[in-house]
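Structure record follows, encoded as structure tokens.
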Amino acid sequence: MIDLLKKYWGYKAFKPLQHAIIESVLEGNDTLALLPTGGGKSLCYQLPALMMEGSVLVVSPLIALMEDQVQQLSRRGIKAMYFKSDTPNQTVHQQIDNCIHGNYKVVYTSPERLAQPAFKHHLSQAHFSLLAIDESHCISSWGHDFRPTYRKLNELRDVFPSVPLLALTATATPEVVKDIIENLEMKTPRCFQGSFDRPNIDYQRWITEDKKTTTIQILKQYNQSSIVYCPTRKTTENWALFLQQQGLKADFFHGGITQQEKKEKLKEWQAEKVVHMVATTAFGMGIDKTNVRTIVHVDLPESIEAYYQETGRAGRDGQAAQAILLFHPLEANDRLAKHQKQIPTIAEVEKMYKAMYNYFHIARGEGLGETVPLELNRFASRYSLSKTRAHHLLTLFEKAGVIALQYGIDQQRGIQMKCTVDQAKAYLQQHTSDSAILLEALMRHYPHLFLETMSIQLTKIATRLQWSSPRFHSGLSELEKSNLIQVLNTAPLSITFLQARNDQQNSVACYQNIIQVENRKEKQLKAMLSFASTSKCCKRNQLLAYFGETADKSCGQCFADACRPEAAQENNLNEKVVSLLQRAPHSIQELKQKLYFEPEALRPILNKLLQDQMIFETDNHQYVWNHE
């Protein structure tokens, strides 16, 4: 086993629990592995794949993560693949045939793909020696990243009844662990739980209103590899530009950039040409960079699980690192109010449910398993929704198990007819070329094409026609040259319907599921707010307790009062203010820059010193020490 570890991964020893987990897998046990972020979860199924007959089937929630893992394995000389959407060169069924006959050791797929009966039936012919469920906390509605399609993964036990199962996660409370075991029908599982403790990470909270200035101070003080987490794609771009303008080597990273851009940005970051990566929360999953020294959250994470996972991307080399949360007490009420405002009414859910099916002309009782591309701007405009609200509602429908969303699907285009129906029919009578065959296929499969611009997954048409990619695009180009159609930009989003249309029954059930999920999200948000707002108990101990683990002592380094050898924070700040003023006059802004505290925290101290005549204030608002 060690020989394989050295040969393919270049490591001389296993990380804690890896060896025991791999042995359990090789013995044929159902196994649950709870390893902290950076604990080496993927090795627990990748190395056994080399020692077992057949393949390992890995269920993963992110296409980007699957692609990254396959590339890493390929570079190590391990044959791996993941399932993509239909392409003109290869259908999903052809990919399954490759999986069955191609001697792959590791095969990745998404839970949404496994929810399709035809896919699952065809895949049942493959020889798998292990089923690995990555990010298995997604199974539990108590988890921070619940995905309904994960709850259907227990159906794999019927398809592969004798194949052992390995469930992996980095973040699971005792409640979630119980849910994982029950839902996956794990048979007397062997459970391995690494400690959630990351003693090399210093958990800090900086109270500030001016988060940009504070972030600059932090990054200049700790000018080593860092991740700055922002809540939205737009804010990552704005923050990266701001940091660049301040002379810092920064860039942004989010799900809206192309795969090529992602590769280039990661390469720059790995090479330290970019020091500070400003990113949305998914950034870091599957990325092997051990020397990240600082994590900055400019916005409050949605849950303690998310916070732990994101801060855990620092200090994977075991060296000292810091996780800094920027926070202001006034945020608490704003965040709760924002969350409650996002919860839809039942009328809004019913309207959205009908809109989704109507937009794609799906009749009652139909739509199950159908995947369609969506131009979000056009959809939102038609139903008088903002793009943000439309996307939020779609994500809620996904969590309710009605649809599955997929981003960045290739070969999706908007098709706009430039001719009338009669002109199209005349063209078909006069031509027998590929362009005519393609036009007839478009008219047959999309009867509403002459009424409106429609998003079409062109690869499906090519697959139905059994055409190669060059032949297909040649026919498409000929139709454009003949001024019969116009091909518009790629649609970055697609929807897979997981239910047949049933307006009354399904929309009500959907609303009930949404309310249940949102109530749990609110509970998780309140736990995170409590973590950020209070400073009485050790923050590391608070994190450990959340995940069902106890600690012998306080960490001695976080922002909690219990972990500072000096007096409470207020007394410590008072001493620092006095010390600075004894050395030289300071304005309140100068004190703020040196102490990282907002004026509202400094003013009571300055007022007390003024009252006691220990200092005086000059005309230009400098505070001067006045006591010998």
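Naming works like this for the structure tokens: A, B, ... for the chains as they're shown, residue 1 at the start of each chain, ligands 1 onward in shown order.
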
With a cut-off of 12 Å, could you pull out the residues of segment 29-98 of chain A touching segment 149-157 of chain A and give me the nearest pair of atoms for each, distance in Å to one decimal, using only C-alpha atoms, ordered by chain and ascending number, as a Markdown table?
| residue | atom | partner | partner_atom | distance |
| --- | --- | --- | --- | --- |
| A:Asp30 | CA | A:Arg157 | CA | 11.4 |
| A:Leu57 | CA | A:Leu156 | CA | 10.6 |
| A:Val58 | CA | A:Leu153 | CA | 11.5 |
| A:Val59 | CA | A:Leu153 | CA | 8.9 |
| A:Ser60 | CA | A:Tyr150 | CA | 9.7 |
| A:Pro61 | CA | A:Tyr150 | CA | 8.8 |

Using the selection just defined, write its residues with C-alpha atoms as a PDB file, in the first residue's frame.
ATOM      1  CA  ASP A  30     -19.518   0.023   4.523  1.00  0.00           C
ATOM      2  CA  LEU A  57     -17.934   4.924  -8.800  1.00  0.00           C
ATOM      3  CA  VAL A  58     -17.643   8.344  -7.158  1.00  0.00           C
ATOM      4  CA  VAL A  59     -20.664  10.603  -6.687  1.00  0.00           C
ATOM      5  CA  SER A  60     -19.635  14.261  -6.554  1.00  0.00           C
ATOM      6  CA  PRO A  61     -21.764  17.434  -6.497  1.00  0.00           C
TER       7      PRO A  61
END

- Residues within 12 Å of Ser435 of chain A, only C-alpha atoms, excluding chain neighbours under 5 positions, as a list of chain:residue names: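 Here the answer would be A:Ala424, A:Tyr427, A:Leu428, A:Gln430, A:Glu440, A:Ala441, A:Leu442, A:Leu465, A:Arg471, A:Phe472, A:His473, A:Ser474, A:Gly475, A:Leu476, A:Ser477, A:Glu478, A:Leu479, A:Glu480, A:Lys481, A:Ser482, A:Asn483, A:Leu484, A:Ile485.
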
- What is the distance between atom CA of Leu114 of chain A and atom CA of Leu43 of chain A, in Å to one decimal?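 So the answer is 23.0 Å.
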
- Task: Would you return as a VMD selection string the members of segment 226-433 of chain A that DSSP assigns to strand (DSSP E or B) on this structure's backbone?
- Result: chain A and resid 226 to 229 250 to 253 276 to 279 294 to 297 321 to 327 371 to 374 403 to 407 412 to 417

- Message: Residues near segment 69-85 of chain A, anyone? I mean within 6 Å using only C-alpha atoms, not counting same-chain ones fewer than 3 positions away, as an MDAnalysis selection string.
- Response: chainID A and resid 8 66 104:109

- Query: Running DSSP on the backbone, which parts of segment 74-258 of chain A land in alpha helix (DSSP H), as a ChimeraX atom specification?
  - Reply: /A:74-75,92-101,111-114,117-123,156-159,174-183,211-221,233-245

- Message: Here is a test: counting only C-alpha atoms, which residue of A:Ile287, A:Val372, A:Ile615, A:Ile514 is nearest to Asp68 of chain A?
- Response: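 Once distances to Asp68 of chain A are computed over only C-alpha atoms, the minimum belongs to A:Ile287.
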
- Query: For Lys594 of chain A, which residue among A:Gln221, A:Thr345, A:Gln524, A:Ser386 is the nearest when counting only C-alpha atoms?
  - Reply: A:Gln221

- Message: Need to verify the contact set: Thr395 of chain A, 8 Å, only C-alpha atoms, exclusion of same-chain residues closer than 4 positions in sequence. Can you return it as an MDAnalysis selection string?
- Response: chainID A and resid 391 399 405

If you keep N, CA and C atoms, can you produce a file of those selected residues as a compact mmCIF listing (two decimals), in the first residue's frame?
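Heads up, here's the output in out_7.txt:
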# COMPACT_ATOMS: atom_id res chain seq x y z
N HIS A 391 -33.28 33.60 -10.10
CA HIS A 391 -32.26 32.59 -9.80
C HIS A 391 -32.43 32.05 -8.38
N LYS A 399 -33.54 22.79 -4.19
CA LYS A 399 -33.45 22.23 -2.84
C LYS A 399 -34.73 21.48 -2.46
N LEU A 405 -30.25 22.06 -11.22
CA LEU A 405 -29.62 23.11 -12.01
C LEU A 405 -28.21 22.68 -12.37

- Nearest to Leu35 of chain A: which of A:Tyr229, A:Phe160, A:Phe559, A:Phe196 is it, counting only C-alpha atoms?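 Ranking A:Tyr229, A:Phe160, A:Phe559, A:Phe196 by distance to Leu35 of chain A, first place goes to A:Phe196.
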
- Pick from A:Thr91, A:Gln589, A:Gln204, A:Thr281, whichever lies nearest to Trp467 of chain A using only C-alpha atoms: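 Ranked by minimum distance to Trp467 of chain A, first place goes to A:Thr91.
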
- Do you have the atom CA of Arg190 of chain A-atom CA of His19 of chain A distance handy?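 Taking atom CA of Arg190 of chain A as the start and atom CA of His19 of chain A as the end point, the length is 13.5 Å.
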
- Task: Return the single residue from A:Ala363, A:Ala170, A:Ala64, A:Ile181 that is closest to Thr31 of chain A, with distances computed using only C-alpha atoms.
- Result: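 Among A:Ala363, A:Ala170, A:Ala64, A:Ile181, it is A:Ile181 that comes nearest to Thr31 of chain A.
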
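Here atom CA of Gly548 of chain A and atom CA of Thr173 of chain A stand 6.4 Å from one another.
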